[in-house]
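K.L.:
Structure: input.txt, compact mmCIF, C-alpha atoms and all ligand atoms.
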# COMPACT_ATOMS: atom_id res chain seq x y z
CA MET O 102 -5.11 -19.07 18.21
CA THR O 103 -5.40 -17.47 21.59
CA ALA O 104 -6.94 -14.28 22.89
CA GLU O 105 -3.90 -13.47 25.04
CA ILE O 106 -0.19 -13.99 24.32
CA ILE O 107 3.31 -12.57 24.78
CA LEU O 108 5.81 -12.62 21.93
CA LYS O 109 9.49 -12.32 22.80
CA GLY O 110 12.17 -11.30 20.30
CA GLN O 111 13.55 -7.99 19.04
CA VAL O 112 10.40 -5.87 19.05
CA LEU O 113 10.76 -2.90 16.69
CA ALA O 114 8.67 0.24 17.18
CA PHE O 115 8.96 3.87 16.06
CA ASP O 116 8.58 6.93 18.29
CA ARG O 117 8.65 9.32 15.35
CA SER O 118 9.38 9.47 11.62
CA PRO O 119 12.99 8.58 10.75
CA PHE O 120 12.84 11.22 8.00
CA GLY O 121 12.85 14.09 10.49
CA GLU O 122 15.65 15.70 12.48
CA GLY O 123 18.37 13.46 13.88
CA ALA O 124 19.74 10.07 12.88
CA PRO O 125 17.10 7.80 11.27
CA GLN O 126 17.83 4.92 13.65
CA ASP O 127 17.12 7.14 16.66
CA ALA O 128 13.46 7.22 15.66
CA ALA O 129 13.21 3.50 16.44
CA LYS O 130 13.24 1.65 19.72
CA VAL O 131 13.72 -2.04 20.32
CA THR O 132 12.30 -3.86 23.31
CA GLU O 133 12.26 -7.48 24.40
CA ALA O 134 8.61 -8.42 24.36
CA VAL O 135 5.13 -7.42 23.23
CA ALA O 136 1.88 -8.46 24.89
CA LEU O 137 -1.34 -8.99 22.94
CA ARG O 138 -4.90 -9.36 24.18
CA ASP O 139 -8.27 -9.36 22.43
CA GLY O 140 -6.78 -8.25 19.13
CA LYS O 141 -4.87 -5.28 20.55
CA ILE O 142 -1.34 -4.58 21.76
CA THR O 143 -1.45 -4.22 25.54
CA GLY O 144 2.22 -3.51 26.26
CA THR O 145 5.84 -3.57 25.16
CA GLY O 146 8.95 -3.78 27.32
CA THR O 147 10.94 -6.39 29.16
CA LEU O 148 9.66 -9.93 29.33
CA GLU O 149 9.41 -9.53 33.08
CA ASP O 150 7.18 -6.48 32.73
CA MET O 151 4.99 -8.20 30.15
CA ARG O 152 4.66 -11.25 32.42
CA ALA O 153 3.60 -8.98 35.25
CA LEU O 154 1.06 -7.35 32.91
CA GLN O 155 -0.38 -10.64 31.65
CA PRO O 156 0.59 -13.38 34.10
CA ARG O 157 -1.57 -16.04 32.47
CA SER O 158 -0.28 -15.46 28.92
CA GLU O 159 1.63 -18.09 27.02
CA VAL O 160 5.09 -16.76 26.02
CA VAL O 161 6.39 -17.54 22.53
CA ASP O 162 10.16 -17.00 22.40
CA HIS O 163 11.41 -15.94 18.98
CA GLY O 164 15.04 -15.49 20.06
CA TYR O 165 16.76 -12.88 17.89
CA LYS O 166 13.98 -12.69 15.33
CA LEU O 167 12.59 -9.26 14.57
CA ILE O 168 9.00 -8.57 15.60
CA ALA O 169 7.62 -5.63 13.61
CA ALA O 170 4.24 -4.19 12.74
CA GLY O 171 2.66 -6.09 9.84
CA PHE O 172 3.52 -4.55 6.49
CA VAL O 173 1.09 -2.03 5.00
CA ASP O 174 0.93 -1.98 1.19
CA ALA O 175 -0.61 1.35 0.23
CA HIS O 176 -1.38 0.77 -3.48
CA VAL O 177 -2.20 -2.56 -5.15
CA HIS O 178 -4.46 -3.98 -7.82
CA TYR O 179 -5.50 -7.37 -6.45
CA PRO O 180 -7.21 -8.28 -9.78
CA GLN O 181 -3.79 -8.15 -11.44
CA THR O 182 -2.49 -11.03 -9.31
CA ALA O 183 -2.59 -13.63 -12.09
CA MET O 184 -0.93 -11.42 -14.73
CA ILE O 185 1.96 -10.13 -12.62
CA ALA O 186 5.34 -10.21 -14.41
CA SER O 187 4.01 -9.74 -17.95
CA TRP O 188 6.81 -8.90 -20.34
CA GLY O 189 8.01 -5.98 -22.36
CA LYS O 190 5.45 -3.16 -22.35
CA ARG O 191 5.19 0.37 -21.04
CA LEU O 192 2.18 1.68 -19.16
CA ILE O 193 -0.49 2.27 -21.81
CA ASP O 194 0.40 -0.83 -23.89
CA TRP O 195 0.74 -2.86 -20.72
CA LEU O 196 -2.77 -1.81 -19.64
CA ASN O 197 -4.27 -2.64 -23.03
CA SER O 198 -2.35 -5.87 -23.66
CA TYR O 199 -2.35 -7.53 -20.27
CA THR O 200 -4.32 -5.66 -17.63
CA PHE O 201 -7.66 -4.90 -19.22
CA PRO O 202 -8.20 -8.44 -20.61
CA GLU O 203 -7.55 -9.88 -17.14
CA GLU O 204 -9.71 -7.30 -15.35
CA MET O 205 -12.54 -8.16 -17.77
CA ARG O 206 -12.90 -11.51 -15.99
CA PHE O 207 -13.94 -10.06 -12.64
CA GLY O 208 -17.63 -9.80 -13.48
CA ASP O 209 -17.57 -13.50 -12.63
CA ARG O 210 -17.93 -13.60 -8.86
CA ALA O 211 -16.43 -17.07 -8.54
CA TYR O 212 -13.27 -15.97 -10.35
CA ALA O 213 -13.10 -12.78 -8.28
CA ASP O 214 -13.40 -14.86 -5.07
CA GLU O 215 -10.65 -17.20 -6.21
CA ILE O 216 -8.20 -14.39 -7.00
CA ALA O 217 -9.11 -12.36 -3.90
CA ASN O 218 -8.30 -15.33 -1.67
CA ARG O 219 -5.18 -16.21 -3.65
CA TYR O 220 -4.03 -12.59 -3.36
CA LEU O 221 -4.57 -12.43 0.41
CA ASP O 222 -2.79 -15.79 0.82
CA LEU O 223 0.21 -14.49 -1.14
CA THR O 224 0.40 -11.19 0.70
CA VAL O 225 0.07 -12.65 4.18
CA ALA O 226 2.80 -15.16 3.30
CA ASN O 227 4.93 -12.09 2.65
CA GLY O 228 4.07 -10.46 5.98
CA THR O 229 1.57 -7.92 4.64
CA THR O 230 -1.44 -7.44 6.89
CA THR O 231 -3.09 -4.32 5.39
CA VAL O 232 -3.50 -3.41 1.72
CA CYS O 233 -5.22 -0.61 -0.15
CA SER O 234 -6.51 -2.12 -3.38
CA PHE O 235 -8.05 -1.06 -6.64
CA CYS O 236 -10.69 -3.55 -7.78
CA THR O 237 -12.20 -3.63 -11.30
CA ILE O 238 -15.29 -1.85 -12.62
CA HIS O 239 -17.37 -4.82 -11.43
CA PRO O 240 -19.10 -4.54 -8.02
CA GLU O 241 -18.49 -8.30 -7.71
CA SER O 242 -14.75 -7.63 -7.53
CA VAL O 243 -15.28 -5.35 -4.53
CA ASP O 244 -17.57 -7.79 -2.76
CA ALA O 245 -15.00 -10.55 -3.34
CA ILE O 246 -12.02 -8.81 -1.72
CA PHE O 247 -14.02 -7.38 1.19
CA THR O 248 -15.66 -10.75 1.88
CA ALA O 249 -12.27 -12.51 1.86
CA ALA O 250 -10.61 -9.88 4.08
CA GLN O 251 -13.55 -9.83 6.49
CA ALA O 252 -13.32 -13.60 6.96
CA ARG O 253 -9.62 -13.18 7.83
CA GLY O 254 -10.23 -10.25 10.19
CA GLN O 255 -8.01 -8.00 8.07
CA ARG O 256 -7.96 -4.22 7.94
CA ILE O 257 -8.05 -3.39 4.24
CA VAL O 258 -9.13 -0.58 1.96
CA ALA O 259 -10.62 -1.22 -1.47
CA GLY O 260 -12.82 0.42 -4.06
CA LYS O 261 -14.53 -0.13 -7.39
CA THR O 262 -12.27 1.16 -10.17
CA CYS O 263 -14.29 3.59 -12.27
CA MET O 264 -13.61 4.03 -16.01
CA ASP O 265 -16.02 5.43 -18.59
CA ARG O 266 -13.70 5.97 -21.56
CA ASN O 267 -10.50 4.70 -23.19
CA ALA O 268 -11.12 1.20 -21.93
CA PRO O 269 -12.57 -1.74 -23.88
CA GLU O 270 -16.22 -2.63 -24.17
CA GLY O 271 -17.12 -4.65 -21.10
CA LEU O 272 -14.74 -2.68 -18.91
CA ARG O 273 -16.51 0.66 -18.91
CA ASP O 274 -19.16 2.07 -16.61
CA THR O 275 -20.74 5.51 -16.99
CA ALA O 276 -20.53 8.66 -14.92
CA GLN O 277 -23.90 7.80 -13.37
CA SER O 278 -23.41 4.04 -12.87
CA GLY O 279 -19.87 4.61 -11.54
CA TYR O 280 -21.34 6.98 -8.97
CA ASP O 281 -24.32 4.74 -8.12
CA ASP O 282 -22.32 1.50 -7.84
CA SER O 283 -19.55 3.17 -5.82
CA LYS O 284 -22.10 4.69 -3.46
CA ALA O 285 -23.91 1.39 -2.94
CA LEU O 286 -20.63 -0.44 -2.26
CA LEU O 287 -19.46 2.31 0.08
CA GLN O 288 -22.71 2.09 2.03
CA LYS O 289 -22.44 -1.69 2.14
CA TRP O 290 -18.82 -1.99 3.27
CA HIS O 291 -17.31 1.22 4.63
CA GLY O 292 -16.69 0.91 8.37
CA VAL O 293 -17.89 -2.69 8.55
CA ASP O 294 -15.50 -4.57 10.84
CA ARG O 295 -12.01 -3.48 9.74
CA LEU O 296 -12.97 -2.61 6.16
CA SER O 297 -12.82 0.82 4.53
CA TYR O 298 -14.04 1.97 1.14
CA ALA O 299 -11.92 4.14 -1.18
CA ILE O 300 -13.52 6.13 -3.98
CA THR O 301 -11.50 4.99 -7.00
CA PRO O 302 -11.35 6.80 -10.35
CA ARG O 303 -8.59 4.81 -12.11
CA PHE O 304 -6.83 7.86 -13.63
CA SER O 305 -7.81 10.88 -15.70
CA PRO O 306 -7.36 9.22 -19.13
CA THR O 307 -10.04 6.61 -18.40
CA SER O 308 -12.63 8.99 -16.94
CA THR O 309 -14.62 11.70 -18.68
CA PRO O 310 -14.86 15.07 -16.94
CA GLU O 311 -18.44 14.05 -16.06
CA GLN O 312 -17.21 10.95 -14.27
CA LEU O 313 -14.47 12.83 -12.42
CA GLN O 314 -17.14 15.33 -11.38
CA ALA O 315 -19.37 12.53 -10.11
CA MET O 316 -16.46 10.99 -8.15
CA GLY O 317 -15.71 14.38 -6.64
CA ALA O 318 -19.35 14.77 -5.65
CA LEU O 319 -19.38 11.34 -4.00
CA TRP O 320 -16.20 12.15 -2.07
CA ALA O 321 -17.73 15.45 -0.90
CA GLU O 322 -20.69 13.46 0.45
CA HIS O 323 -18.36 10.97 2.21
CA THR O 324 -15.40 12.97 3.44
CA ASP O 325 -14.26 10.19 5.80
CA CYS O 326 -13.48 7.94 2.81
CA LEU O 327 -10.13 7.75 1.11
CA MET O 328 -9.90 8.51 -2.63
CA GLN O 329 -7.27 6.64 -4.64
CA THR O 330 -6.01 7.22 -8.16
CA HIS O 331 -2.83 7.50 -10.28
CA LEU O 332 -0.77 10.60 -11.05
CA SER O 333 2.16 11.33 -13.38
CA GLU O 334 3.57 7.84 -13.73
CA GLN O 335 4.98 8.02 -17.28
CA THR O 336 5.82 10.90 -19.61
CA ASP O 337 3.63 9.69 -22.49
CA GLU O 338 0.73 9.28 -20.03
CA ILE O 339 1.20 12.94 -19.05
CA GLU O 340 1.17 13.98 -22.72
CA TRP O 341 -2.05 12.02 -23.17
CA VAL O 342 -3.64 13.77 -20.19
CA ARG O 343 -2.57 17.11 -21.66
CA SER O 344 -4.35 16.30 -24.93
CA LEU O 345 -7.50 15.03 -23.20
CA PHE O 346 -7.73 18.02 -20.83
CA PRO O 347 -6.28 20.94 -22.83
CA GLN O 348 -7.61 23.50 -20.37
CA ALA O 349 -5.93 21.90 -17.33
CA ARG O 350 -2.84 23.56 -15.85
CA ASP O 351 -1.21 20.18 -15.28
CA TYR O 352 -2.13 16.54 -14.50
CA LEU O 353 -3.10 17.23 -10.90
CA ASP O 354 -5.44 19.97 -12.07
CA THR O 355 -7.60 17.33 -13.80
CA TYR O 356 -8.35 16.00 -10.29
CA GLU O 357 -8.30 19.31 -8.46
CA GLU O 358 -10.89 20.86 -10.78
CA PHE O 359 -13.38 18.13 -9.91
CA GLY O 360 -12.90 18.06 -6.14
CA LEU O 361 -10.51 15.12 -6.25
CA LEU O 362 -7.62 16.72 -4.35
CA GLY O 363 -7.69 16.39 -0.59
CA ALA O 364 -6.03 15.19 2.59
CA ARG O 365 -7.54 11.74 2.23
CA GLY O 366 -6.43 11.48 -1.40
CA LEU O 367 -3.88 8.83 -2.42
CA TYR O 368 -1.89 9.53 -5.59
CA GLY O 369 0.01 6.52 -6.91
CA HIS O 370 3.45 7.03 -8.52
CA ALA O 371 3.72 10.86 -8.64
CA ILE O 372 7.08 10.75 -10.40
CA TYR O 373 6.96 13.71 -12.78
CA LEU O 374 5.49 16.52 -10.71
CA GLU O 375 5.54 20.20 -11.62
CA ASP O 376 6.33 22.69 -8.86
CA ARG O 377 2.67 23.74 -8.72
CA GLU O 378 1.58 20.15 -8.27
CA ARG O 379 4.10 19.56 -5.48
CA ASP O 380 2.90 22.70 -3.71
CA ARG O 381 -0.78 21.87 -4.00
CA LEU O 382 -0.32 18.24 -2.90
CA ARG O 383 1.63 19.36 0.15
CA GLU O 384 -0.77 22.15 1.05
CA HIS O 385 -3.62 19.64 1.04
CA GLY O 386 -1.68 17.01 3.01
CA ALA O 387 -2.39 14.49 0.24
CA SER O 388 -0.52 11.17 0.19
CA LEU O 389 1.94 10.21 -2.53
CA ILE O 390 2.44 6.48 -2.93
CA HIS O 391 5.85 5.26 -4.06
CA CYS O 392 5.72 2.01 -6.06
CA PRO O 393 9.37 1.27 -6.82
CA THR O 394 9.22 -2.25 -8.31
CA SER O 395 6.47 -1.03 -10.64
CA ASN O 396 8.39 2.08 -11.61
CA THR O 397 11.42 0.05 -12.66
CA PHE O 398 9.41 -2.87 -14.11
CA ILE O 399 7.15 -0.76 -16.38
CA GLY O 400 10.04 1.62 -17.00
CA SER O 401 8.35 4.66 -15.47
CA GLY O 402 11.11 6.56 -13.67
CA LEU O 403 12.66 7.43 -10.32
CA PHE O 404 10.46 8.81 -7.52
CA ASP O 405 12.01 11.75 -5.67
CA MET O 406 11.72 10.38 -2.12
CA ALA O 407 14.40 12.59 -0.58
CA GLY O 408 13.18 15.80 -2.20
CA LEU O 409 9.51 15.18 -1.45
CA MET O 410 10.17 14.11 2.15
CA ALA O 411 12.30 17.23 2.68
CA GLU O 412 9.35 19.33 1.45
CA GLY O 413 7.14 17.64 4.05
CA HIS O 414 5.01 15.37 1.87
CA ARG O 415 3.10 12.41 3.26
CA ILE O 416 4.45 9.32 1.47
CA GLY O 417 3.48 5.65 1.52
CA LEU O 418 5.19 2.62 0.02
CA ALA O 419 3.52 0.02 -2.16
CA THR O 420 4.00 -2.96 -4.44
CA ASP O 421 1.49 -1.82 -7.11
CA THR O 422 0.83 -5.50 -7.84
CA GLY O 423 0.73 -6.43 -10.78
CA GLY O 424 2.46 -3.42 -12.43
CA GLY O 425 4.87 -4.05 -9.59
CA SER O 426 6.80 -7.28 -9.94
CA SER O 427 6.38 -8.63 -6.41
CA PHE O 428 3.90 -9.26 -3.61
CA SER O 429 6.65 -8.67 -1.05
CA MET O 430 7.20 -5.46 0.90
CA LEU O 431 10.76 -6.67 1.59
CA ARG O 432 11.41 -6.70 -2.15
CA THR O 433 9.65 -3.34 -2.39
CA MET O 434 11.91 -1.84 0.29
CA ALA O 435 14.92 -3.17 -1.64
CA ALA O 436 13.67 -1.49 -4.81
CA ALA O 437 13.07 1.77 -2.92
CA TYR O 438 16.66 1.56 -1.72
CA GLU O 439 17.89 1.00 -5.28
CA VAL O 440 15.82 3.90 -6.64
CA GLY O 441 17.29 6.07 -3.87
CA GLN O 442 20.78 4.97 -4.88
CA LEU O 443 20.12 5.87 -8.51
CA ARG O 444 19.11 9.35 -7.34
CA GLY O 445 22.13 9.61 -5.03
CA THR O 446 20.00 9.52 -1.88
CA PRO O 447 20.12 6.04 -0.29
CA LEU O 448 17.50 5.29 2.36
CA HIS O 449 18.48 3.98 5.79
CA ALA O 450 17.09 0.58 6.82
CA ALA O 451 15.09 2.33 9.56
CA GLN O 452 13.51 4.59 6.94
CA LEU O 453 12.65 1.60 4.75
CA MET O 454 11.05 -0.33 7.63
CA TRP O 455 9.12 2.78 8.68
CA LEU O 456 7.85 3.39 5.15
CA ALA O 457 6.62 -0.21 4.88
CA THR O 458 4.72 0.04 8.18
CA GLN O 459 3.92 3.36 9.85
CA GLY O 460 4.59 5.54 6.81
CA SER O 461 2.18 3.59 4.66
CA ALA O 462 -0.35 3.45 7.50
CA ALA O 463 -0.10 7.25 7.85
CA SER O 464 -0.61 7.64 4.11
CA LEU O 465 -3.86 5.70 4.55
CA ARG O 466 -4.72 7.82 7.60
CA MET O 467 -4.80 4.77 9.83
CA ASP O 468 -1.54 5.12 11.75
CA ASP O 469 -3.58 5.39 14.95
CA LYS O 470 -4.68 1.79 14.36
CA VAL O 471 -1.99 -0.16 12.46
CA GLY O 472 1.62 0.19 11.32
CA ASN O 473 3.37 0.40 14.69
CA ILE O 474 3.81 -1.57 17.89
CA ALA O 475 2.39 0.49 20.72
CA VAL O 476 -0.24 0.12 23.42
CA GLY O 477 -3.76 0.30 22.02
CA MET O 478 -2.75 -0.42 18.43
CA GLU O 479 -4.34 -3.34 16.62
CA ALA O 480 -2.22 -6.49 16.94
CA ASP O 481 -1.09 -6.95 13.33
CA LEU O 482 2.49 -8.21 13.50
CA VAL O 483 5.15 -9.93 11.46
CA VAL O 484 7.99 -12.03 12.87
CA LEU O 485 11.05 -11.84 10.60
CA ASP O 486 13.89 -14.34 10.53
CA LEU O 487 17.03 -12.26 9.93
CA ALA O 488 18.96 -15.38 8.88
CA SER O 489 16.42 -17.03 6.57
CA THR O 490 18.86 -18.21 3.88
CA PRO O 491 22.57 -19.07 3.89
CA ALA O 492 23.34 -15.97 1.81
CA ILE O 493 21.55 -13.71 4.29
CA SER O 494 22.78 -15.38 7.48
CA GLN O 495 26.45 -15.31 6.47
CA ARG O 496 26.08 -11.53 6.08
CA SER O 497 23.82 -10.75 9.03
CA GLU O 498 26.01 -12.67 11.48
CA ARG O 499 28.80 -10.14 10.80
CA ALA O 500 26.51 -7.23 11.60
CA SER O 501 27.67 -4.78 14.23
CA ASP O 502 24.22 -3.44 15.03
CA LEU O 503 20.55 -4.24 14.50
CA TRP O 504 20.20 -2.19 11.31
CA GLU O 505 23.13 -3.94 9.69
CA ALA O 506 21.48 -7.21 10.72
CA ILE O 507 18.14 -6.20 9.17
CA PHE O 508 19.48 -4.74 5.91
CA PRO O 509 20.47 -8.07 4.24
CA THR O 510 16.92 -9.33 4.83
CA ILE O 511 15.52 -6.15 3.28
CA MET O 512 17.78 -6.52 0.24
CA MET O 513 17.74 -10.31 -0.21
CA GLY O 514 14.81 -11.60 1.84
CA ASP O 515 11.59 -13.12 0.57
CA ASP O 516 8.70 -15.11 2.03
CA ARG O 517 11.20 -17.48 3.66
CA ALA O 518 12.05 -14.65 6.06
CA ILE O 519 8.43 -14.48 7.28
CA THR O 520 8.27 -16.75 10.33
CA GLU O 521 4.85 -15.79 11.64
CA VAL O 522 2.12 -13.29 10.88
CA TRP O 523 -0.45 -12.11 13.41
CA ILE O 524 -3.67 -10.42 12.38
CA ALA O 525 -5.84 -8.82 15.07
CA GLY O 526 -4.04 -10.85 17.72
CA LYS O 527 -4.53 -14.19 15.98
CA GLN O 528 -1.85 -16.16 14.22
CA ALA O 529 -2.58 -16.00 10.49
CA SER O 530 0.48 -17.78 9.13
N1 LIG I 601 -2.42 3.71 -14.32
C1 LIG I 601 -3.72 3.46 -14.54
N2 LIG I 601 -4.02 2.18 -14.24
C2 LIG I 601 -2.88 1.61 -13.80
C3 LIG I 601 -2.57 0.30 -13.35
O1 LIG I 601 -3.39 -0.60 -13.28
N3 LIG I 601 -1.28 0.11 -12.98
C4 LIG I 601 -0.34 1.09 -13.05
N4 LIG I 601 0.91 0.83 -12.67
N5 LIG I 601 -0.62 2.32 -13.48
C5 LIG I 601 -1.88 2.58 -13.86
ZN ZN I 602 -1.79 1.32 -9.63
Let me see whether you can do it: turn the structure in this file into structure tokens.

P.N.:
Amino acid sequence: MTAEIILKGQVLAFDRSPFGEGAPQDAAKVTEAVALRDGKITGTGTLEDMRALQPRSEVVDHGYKLIAAGFVDAHVHYPQTAMIASWGKRLIDWLNSYTFPEEMRFGDRAYADEIANRYLDLTVANGTTTVCSFCTIHPESVDAIFTAAQARGQRIVAGKTCMDRNAPEGLRDTAQSGYDDSKALLQKWHGVDRLSYAITPRFSPTSTPEQLQAMGALWAEHTDCLMQTHLSEQTDEIEWVRSLFPQARDYLDTYEEFGLLGARGLYGHAIYLEDRERDRLREHGASLIHCPTSNTFIGSGLFDMAGLMAEGHRIGLATDTGGGSSFSMLRTMAAAYEVGQLRGTPLHAAQLMWLATQGSAASLRMDDKVGNIAVGMEADLVVLDLASTPAISQRSERASDLWEAIFPTIMMGDDRAITEVWIAGKQAS
């Protein structure tokens, strides 16, 4: 731990989105060193320039390792940590069989603390420095994750998951208590240190219109907060929404009608979107969150990354732990690549790295703080070994450029590829 340091390696930063005009790799730039001081990035460039900038700094030489912004995971359920990789169900059965019984346990603060810390240990071991998490209906579950993240100096987003119907006894609040508890937690945590509160109706099937209305009212009172939920993940879920909200034009309308569509809205999955929904989401500048390991694991479907990006949507990338089958954003990038292949639109390694860092940060509206390596940004970094296993190194050593050297780690890498993690300028792992 030191307040001032220079890291040398292959420092990866993005000047613009690699989904725009031009070759994806041209959006990135690689420099030799990055200087950190007091939790912020103070410079990037040659080692000589960084030494001139911070003459008293210790220099840590990482050779050919890749130094990137810490990964940003834009949609997770930390309370599902201990039931990840549960077999054989689709969304609604999976929720009822595995998820709800586990989430029931989070009224116990000691259990919530244990899982919150276990979750943050697992994610930092995988190079993830920022997450946006659903909690459970219990305020204790929110206090647990914010307390754990605060102690680690982490920038995270979290919110109490509100549900007042179609969930078991013991896992339901009411429209009023969901509003009151969310408001109290928001006032307690939002903007404290690096913590942000997200208003969190789970999804339309588990909220009455009264609760959605109350969530919309709370968001209108706190427009600087994010709002996170789920949208159009599976076809039978969409049918269910249609039967619960017969007057709604489509799934998105069940949010829109109650003031739950906006620029700071995060909509997880968004696989089966009608044209009207795509138009409205884009007009509002809402964020769609792609959760590829979840979408294949629960058997949901193939997110239209290429089509939605071409339309100008704001898109983040996420594990969706524990519907997703991994804590790793490397594994998540690999799954996003595979989903792209199945749709005939493979993503470039530069696009995958951008999605896992700046893209996700932009989806959370915090790309001015995290998700890139640039002067003034918060010093959340990951150092990646591009030859972490024999299988990876025998491929990456044949690479003819940096992207070919990175791609085997994206496709085959795991926590062994994570050499170091820095959070707010301090070494975290
Ligand atoms: N839809 C509503 N709740 C959930 C959840 O916990 N996980 C996933 N993948 N989808 C959901
Ligand atoms: Zn989710």

K.L.:
Output as JSON lines one row per residue of chain O within 8 Å of ligand LIG 601 (chain I): the closest atom pair and its distance in Å to one decimal place, counting all atoms listed in the file, sorted by chain and residue number ascending.

P.N.:
{"residue": "O:His178", "atom": "CA", "partner": "I:LIG601", "partner_atom": "O1", "distance": 6.5}
{"residue": "O:Gln181", "atom": "CA", "partner": "I:LIG601", "partner_atom": "O1", "distance": 7.8}
{"residue": "O:Leu192", "atom": "CA", "partner": "I:LIG601", "partner_atom": "N5", "distance": 6.4}
{"residue": "O:Ile193", "atom": "CA", "partner": "I:LIG601", "partner_atom": "N1", "distance": 7.9}
{"residue": "O:Leu196", "atom": "CA", "partner": "I:LIG601", "partner_atom": "O1", "distance": 6.5}
{"residue": "O:Thr200", "atom": "CA", "partner": "I:LIG601", "partner_atom": "O1", "distance": 6.7}
{"residue": "O:Arg303", "atom": "CA", "partner": "I:LIG601", "partner_atom": "C1", "distance": 5.6}
{"residue": "O:Phe304", "atom": "CA", "partner": "I:LIG601", "partner_atom": "C1", "distance": 5.5}
{"residue": "O:Thr330", "atom": "CA", "partner": "I:LIG601", "partner_atom": "C1", "distance": 7.8}
{"residue": "O:His331", "atom": "CA", "partner": "I:LIG601", "partner_atom": "N1", "distance": 5.6}
{"residue": "O:Leu332", "atom": "CA", "partner": "I:LIG601", "partner_atom": "N1", "distance": 7.8}
{"residue": "O:Glu334", "atom": "CA", "partner": "I:LIG601", "partner_atom": "N5", "distance": 6.9}
{"residue": "O:Gly369", "atom": "CA", "partner": "I:LIG601", "partner_atom": "N5", "distance": 7.8}
{"residue": "O:His370", "atom": "CA", "partner": "I:LIG601", "partner_atom": "N4", "distance": 7.9}
{"residue": "O:Ser395", "atom": "CA", "partner": "I:LIG601", "partner_atom": "N4", "distance": 6.2}
{"residue": "O:Asn396", "atom": "CA", "partner": "I:LIG601", "partner_atom": "N4", "distance": 7.7}
{"residue": "O:Ile399", "atom": "CA", "partner": "I:LIG601", "partner_atom": "N4", "distance": 7.4}
{"residue": "O:Asp421", "atom": "CA", "partner": "I:LIG601", "partner_atom": "N4", "distance": 6.2}
{"residue": "O:Thr422", "atom": "CA", "partner": "I:LIG601", "partner_atom": "N3", "distance": 7.9}
{"residue": "O:Gly423", "atom": "CA", "partner": "I:LIG601", "partner_atom": "N3", "distance": 7.2}
{"residue": "O:Gly424", "atom": "CA", "partner": "I:LIG601", "partner_atom": "N4", "distance": 4.5}
{"residue": "O:Gly425", "atom": "CA", "partner": "I:LIG601", "partner_atom": "N4", "distance": 7.0}

K.L.:
Output C-alpha atoms for every residue in the selection just made, as a short mmCIF file (atom, residue, chain, number, x, y, z; two decimals), keeping the file's coordinate frame.

P.N.:
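The file below, result-v4.cif, is the result:
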data_model
loop_
_atom_site.label_atom_id
_atom_site.label_comp_id
_atom_site.auth_asym_id
_atom_site.auth_seq_id
_atom_site.Cartn_x
_atom_site.Cartn_y
_atom_site.Cartn_z
CA HIS O 178 -4.46 -3.98 -7.82
CA GLN O 181 -3.79 -8.15 -11.44
CA LEU O 192 2.18 1.68 -19.16
CA ILE O 193 -0.49 2.27 -21.81
CA LEU O 196 -2.77 -1.81 -19.64
CA THR O 200 -4.32 -5.66 -17.63
CA ARG O 303 -8.59 4.81 -12.11
CA PHE O 304 -6.83 7.86 -13.63
CA THR O 330 -6.01 7.22 -8.16
CA HIS O 331 -2.83 7.50 -10.28
CA LEU O 332 -0.77 10.60 -11.05
CA GLU O 334 3.57 7.84 -13.73
CA GLY O 369 0.01 6.52 -6.91
CA HIS O 370 3.45 7.03 -8.52
CA SER O 395 6.47 -1.03 -10.64
CA ASN O 396 8.39 2.08 -11.61
CA ILE O 399 7.15 -0.76 -16.38
CA ASP O 421 1.49 -1.82 -7.11
CA THR O 422 0.83 -5.50 -7.84
CA GLY O 423 0.73 -6.43 -10.78
CA GLY O 424 2.46 -3.42 -12.43
CA GLY O 425 4.87 -4.05 -9.59
#

K.L.:
At a cut-off of 10 Å around the point (-21.1, 5.6, -15.0) (file coordinates), what residues fall inside when counting all atoms listed in the file? I'd like the answer as a list of chain:residue names.

P.N.:
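Result, sorted by chain then residue number: O:Ile238, O:Cys263, O:Met264, O:Asp265, O:Arg266, O:Arg273, O:Asp274, O:Thr275, O:Ala276, O:Gln277, O:Ser278, O:Gly279, O:Tyr280, O:Asp281, O:Asp282, O:Ser283, O:Ser308, O:Thr309, O:Glu311, O:Gln312, O:Ala315, O:Met316.
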
K.L.:
Mind writing the picked residues with C-alpha atoms as a CSV table (one decimal), keeping the file's coordinate frame?

P.N.:
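again19.csv written:
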chain,number,residue,atom,x,y,z
O,238,ILE,CA,-15.3,-1.8,-12.6
O,263,CYS,CA,-14.3,3.6,-12.3
O,264,MET,CA,-13.6,4.0,-16.0
O,265,ASP,CA,-16.0,5.4,-18.6
O,266,ARG,CA,-13.7,6.0,-21.6
O,273,ARG,CA,-16.5,0.7,-18.9
O,274,ASP,CA,-19.2,2.1,-16.6
O,275,THR,CA,-20.7,5.5,-17.0
O,276,ALA,CA,-20.5,8.7,-14.9
O,277,GLN,CA,-23.9,7.8,-13.4
O,278,SER,CA,-23.4,4.0,-12.9
O,279,GLY,CA,-19.9,4.6,-11.5
O,280,TYR,CA,-21.3,7.0,-9.0
O,281,ASP,CA,-24.3,4.7,-8.1
O,282,ASP,CA,-22.3,1.5,-7.8
O,283,SER,CA,-19.6,3.2,-5.8
O,308,SER,CA,-12.6,9.0,-16.9
O,309,THR,CA,-14.6,11.7,-18.7
O,311,GLU,CA,-18.4,14.0,-16.1
O,312,GLN,CA,-17.2,11.0,-14.3
O,315,ALA,CA,-19.4,12.5,-10.1
O,316,MET,CA,-16.5,11.0,-8.2

K.L.:
Counting only C-alpha atoms, what is within 10 Å of O:Arg253, bar same-chain residues fewer than 3 positions away, as number ranges by chain?

P.N.:
O: 218, 221, 247-250, 256, 524-525, 527, 529
